[in-house]
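Below is one structure, written out as structure tokens; the observations come after it.
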Amino acid sequence: MSKAKLWMIISAVMIVIGIIGGALIVINGESAMGTTDRVPWGAMIGAYVFFVVSSTGLCLVSSLGHVFGIERFEIIGKRAVTFAIITLLAGFVVIGLELGSPLNMIWILFTPNFMSAIWWMGALYGLYMVLLFVELFFMIKNNHKYATIAGTLAFISAIAAHSNLGAVFGFINARPFWAGPYLSIYFIMSAFLSGAAILSIMFYFVEKKGGTVKYKGEHIVPVLGKLLAMFIGMTMFFVTWKLITGLYGGMYGKYEGVMALISGPLAFNFWVFEVGFGMLIPFLILMLPGGFQVRRVFIASVFTMIGIFFMRYDLVVAGQIVPLKVVDGLQETVLHVYHTALPAWGVIIGALGMALFLFLLAEQKLPLDYKEHAHEEPAEKAEKVVNAEA
């Protein structure tokens, strides 16, 4: 059995697990997700953020090539946009089930509330998805002109949708751990981190199967590794100041949320996965003597993606386990308890399986390899040929 078939089977099993989890949620409602009135958003919201941030990151990094004209990044374009579509669809599946029924996503389109950041999130991400499909169509057709136009519009819509996603959290003044402009900026910055890590993993395996991984002799994975190191450093900067500003002044809600991360119920997730796996270990791997070797970048990227998932999870949970109101007479705040139920984990596993399955299918069915001079229009190519013959 080939490795591709084995991965297809594994992804199909993951999808079945997701279908079972989704069915239990549709039948049993909120209780099957582990959420309550006190903690209404759970791991599935974290997974949704994980997928859509990954999609945005893939779009932003791919834009460095055919939108901003940095030629060495053109090699990643088709695969990056393809997987951006796939991860966005996976995010839609997760949020559709988190709402209790995917039909609620359709219903919200016909009952718009223009004052709601959540409505704008759905509208902007819907527009973003359409533009990604248009961009991929023209890229596959090797029509550089229209691919650039669609890519530019997709880039703008990605920034708009993703900053609005940060506003969904930042507008909630009742949750001080989230409130403010920080998350809109942080989400965009961390999207680049996700995009660089996913593409490093992707092109490590593309090389294994004999796909195109070099542009003019330069391997793309070490280049992506440099981006990865830069954005890990920026993430460490943001996280450090988020902790400092949360602790300074002891603002209720913000202070308790930070303490839940550094010494409370989320401390293991935070220190081991978010800080260790997500930042310190990959950064140290990339900074070892010898440069940005392909295998080294791959290992660092795997650690980074594990850490990023827990970053999303911790962000969602830490903002809610602090009670909205201080109870008189208590010497310290008693945090709400949250545990992710098995059906929710099932949906997350199923969404990951769906993303893997669709990408393996796209690798088989679509022409995703980079072609030299594919960015030129037919007329431009003809003119070059004529000039060469002359």
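As shown in the structure tokens, the chain order sets the letters A, B, ...; within each chain, residues go from 1, and ligands are also counted from 1 in the order they appear.
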Any idea what's packed within 8 Å of segment 174-177 of chain A, counting only C-alpha atoms, ignoring anything in its chain fewer than 5 positions away? Could you give it as a short mmCIF file (atom, residue, chain, number, x, y, z; two decimals) with all heavy atoms, in the first residue's frame?
```
data_model
loop_
_atom_site.label_atom_id
_atom_site.label_comp_id
_atom_site.auth_asym_id
_atom_site.auth_seq_id
_atom_site.Cartn_x
_atom_site.Cartn_y
_atom_site.Cartn_z
N GLY A 246 -1.52 42.38 31.53
CA GLY A 246 -2.57 41.70 32.27
C GLY A 246 -2.30 41.67 33.76
O GLY A 246 -3.24 41.76 34.57
N TYR A 252 -9.56 43.46 37.26
CA TYR A 252 -10.34 42.24 37.41
C TYR A 252 -10.74 41.68 36.04
O TYR A 252 -11.16 42.40 35.15
CB TYR A 252 -11.61 42.49 38.24
CG TYR A 252 -12.43 41.21 38.40
CD1 TYR A 252 -12.03 40.24 39.30
CD2 TYR A 252 -13.54 40.96 37.59
CE1 TYR A 252 -12.74 39.06 39.43
CE2 TYR A 252 -14.24 39.78 37.71
CZ TYR A 252 -13.85 38.83 38.63
OH TYR A 252 -14.54 37.65 38.73
N GLY A 253 -10.63 40.39 35.91
CA GLY A 253 -10.95 39.71 34.66
C GLY A 253 -9.71 39.49 33.82
O GLY A 253 -9.43 38.38 33.39
N LYS A 254 -8.95 40.56 33.60
CA LYS A 254 -7.70 40.44 32.84
C LYS A 254 -6.63 39.76 33.70
O LYS A 254 -5.95 38.82 33.24
CB LYS A 254 -7.23 41.81 32.37
CG LYS A 254 -6.04 41.76 31.43
CD LYS A 254 -5.65 43.16 30.98
CE LYS A 254 -6.66 43.74 30.00
NZ LYS A 254 -6.61 43.07 28.69
N TYR A 255 -6.49 40.23 34.95
CA TYR A 255 -5.47 39.67 35.84
C TYR A 255 -5.75 38.19 36.12
O TYR A 255 -4.85 37.35 36.03
CB TYR A 255 -5.45 40.46 37.16
CG TYR A 255 -4.54 39.89 38.21
CD1 TYR A 255 -3.18 40.21 38.20
CD2 TYR A 255 -5.01 39.04 39.21
CE1 TYR A 255 -2.32 39.69 39.17
CE2 TYR A 255 -4.16 38.52 40.17
CZ TYR A 255 -2.82 38.85 40.14
OH TYR A 255 -1.98 38.33 41.09
N GLY A 257 -7.46 36.09 34.33
CA GLY A 257 -7.27 35.32 33.11
C GLY A 257 -5.80 34.98 32.89
O GLY A 257 -5.46 33.85 32.52
N VAL A 258 -4.92 35.97 33.10
CA VAL A 258 -3.49 35.74 32.96
C VAL A 258 -3.00 34.75 34.01
O VAL A 258 -2.21 33.84 33.72
CB VAL A 258 -2.72 37.07 33.06
CG1 VAL A 258 -1.21 36.81 33.13
CG2 VAL A 258 -3.05 37.96 31.87
N ALA A 318 -9.44 30.92 28.64
CA ALA A 318 -8.99 31.85 29.68
C ALA A 318 -9.88 33.08 29.77
O ALA A 318 -10.03 33.68 30.84
CB ALA A 318 -7.54 32.27 29.41
N GLY A 319 -10.49 33.46 28.66
CA GLY A 319 -11.35 34.63 28.67
C GLY A 319 -12.69 34.40 29.32
O GLY A 319 -13.42 35.37 29.59
N GLN A 320 -13.03 33.12 29.59
CA GLN A 320 -14.38 32.83 30.10
C GLN A 320 -14.44 32.19 31.47
O GLN A 320 -15.49 32.25 32.13
CB GLN A 320 -15.10 31.88 29.12
CG GLN A 320 -15.31 32.45 27.74
CD GLN A 320 -15.86 31.40 26.82
OE1 GLN A 320 -17.07 31.27 26.66
NE2 GLN A 320 -14.99 30.62 26.21
N LEU A 324 -18.05 36.57 35.70
CA LEU A 324 -18.35 37.92 35.26
C LEU A 324 -18.52 38.89 36.43
O LEU A 324 -18.35 40.09 36.28
CB LEU A 324 -19.63 37.92 34.42
CG LEU A 324 -19.53 37.24 33.06
CD1 LEU A 324 -20.90 37.18 32.39
CD2 LEU A 324 -18.55 37.99 32.16
#
```
Open item on the list: Among segment 273-359 of chain A, which residues does DSSP mark as helix (DSSP H, G or I) when it is run on the backbone? Keep the chain and numbering as in the structure and answer as a PyMOL selection string.
Closed with: chain A and resi 273-287+294-318+342-359
TODO: May I ask which of the residues A:Tyr182, A:Phe114, A:Val221, A:Thr340 is the closest one to Met202 of chain A, counting only C-alpha atoms?
DONE: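 Closest to Met202 of chain A of all the choices is A:Val221.
If you measure from each of A:Val168, A:Ala147, A:Ala47, A:Met230 to Leu97 of chain A using only C-alpha atoms, the closest one turns out to be A:Ala47.
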- [ ] Pick out the residues sitting within 6 Å of segment 5-14 of chain A, and hand them over as a PyMOL selection string; count only C-alpha atoms, and ignore anything fewer than 4 positions along from it in its own chain.
- [x] chain A and resi 349-350+353+357
TODO: Name the residues of segment 4-226 of chain A that fall into strand (DSSP E) according to DSSP on the backbone, using the chain letters and numbers of this document, as an MDAnalysis selection string.
DONE: chainID A and resid 214:215 218:219
Task: Nearest residue to Met44 of chain A from the set A:Phe237, A:Tyr248, A:Tyr186, A:Phe92 (distances using only C-alpha atoms) - done: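 Of A:Phe237, A:Tyr248, A:Tyr186, A:Phe92, the one nearest Met44 of chain A, counting only C-alpha atoms, is A:Phe92.
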TODO: Go through A:Leu131, A:Leu89, A:Ile159, A:Met279 and flag the residue nearest Thr56 of chain A, using only C-alpha atoms for the distances.
DONE: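 Going through A:Leu131, A:Leu89, A:Ile159, A:Met279 one by one, the smallest distance to Thr56 of chain A is for A:Ile159.
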TODO: For segment 25-38 of chain A, list every protein, DNA or RNA residue within 9 Å, evaluated using only C-alpha atoms, and leave out those in the same chain fewer than 6 positions away; present the list as a list in words.
DONE: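 With the cut-off at 9 Å, the set is Met44, Leu97, Glu98, Leu99, Gly100, Ser101, Gln320, Ile321, Pro323, Leu324, His336, Val337, Tyr338, His339, Thr340, Ala341, Leu342, Pro343, Ala344 and Trp345 of chain A.
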TODO: Fewer than 6 positions away in the same chain doesn't count, so skip those; otherwise give me all residues within 12 Å of Gly170 of chain A, counting only C-alpha atoms, as a ChimeraX atom specification.
DONE: /A:117-118,163-164,176-187,315-316,319
Open item on the list: I'd like the neighbourhood of segment 69-78 of chain A as a list of chain:residue names, where a residue qualifies if any of its atoms comes within 8 Å (using only C-alpha atoms), though same-chain residues fewer than 6 positions away should be ignored.
Closed with: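 Counting only the stated atoms, we get A:Ser62, A:Ser63, A:Leu136, A:Met139, A:Ile140, A:Leu199, A:Thr212, A:Val213, A:Lys214, A:Tyr215, A:Glu218, A:Ile220, A:Leu368, A:Asp369, A:Tyr370.
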Task: Distance of atom CA of Gly278 of chain A from atom CA of Asp314 of chain A, expressed in Å to one decimal place - done: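 Those two atoms sit 12.5 Å apart.
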TODO: Excluding Ile45 of chain A and residues on its chain fewer than 2 positions from it, collect all residues at most 9 Å away from it, counting only C-alpha atoms, and give them as a list in words.
DONE: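 Answer for this query is Trp41, Gly42, Ala43, Ala47, Tyr48, Val49, Phe50, Val94, Ile95, Glu98, Arg312, Tyr313 and Val316 of chain A.
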- [ ] Compare A:Ser301, A:Tyr125, A:Gly18, A:Phe277 by their minimum atom-to-atom distance to Ser157 of chain A, counting only C-alpha atoms, and give me the closest one.
- [x]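 Of all the options, A:Tyr125 lies closest to Ser157 of chain A.
Atom CA of Leu109 of chain A to atom CA of Gly126 of chain A spans 10.2 Å [interatomic distance, one decimal].
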- [ ] Name the closest residue to Ile285 of chain A among the candidates A:Leu228, A:Met259, A:Met189, A:Leu58; distances are taken between atoms, counting only C-alpha atoms.
- [x] A:Leu228
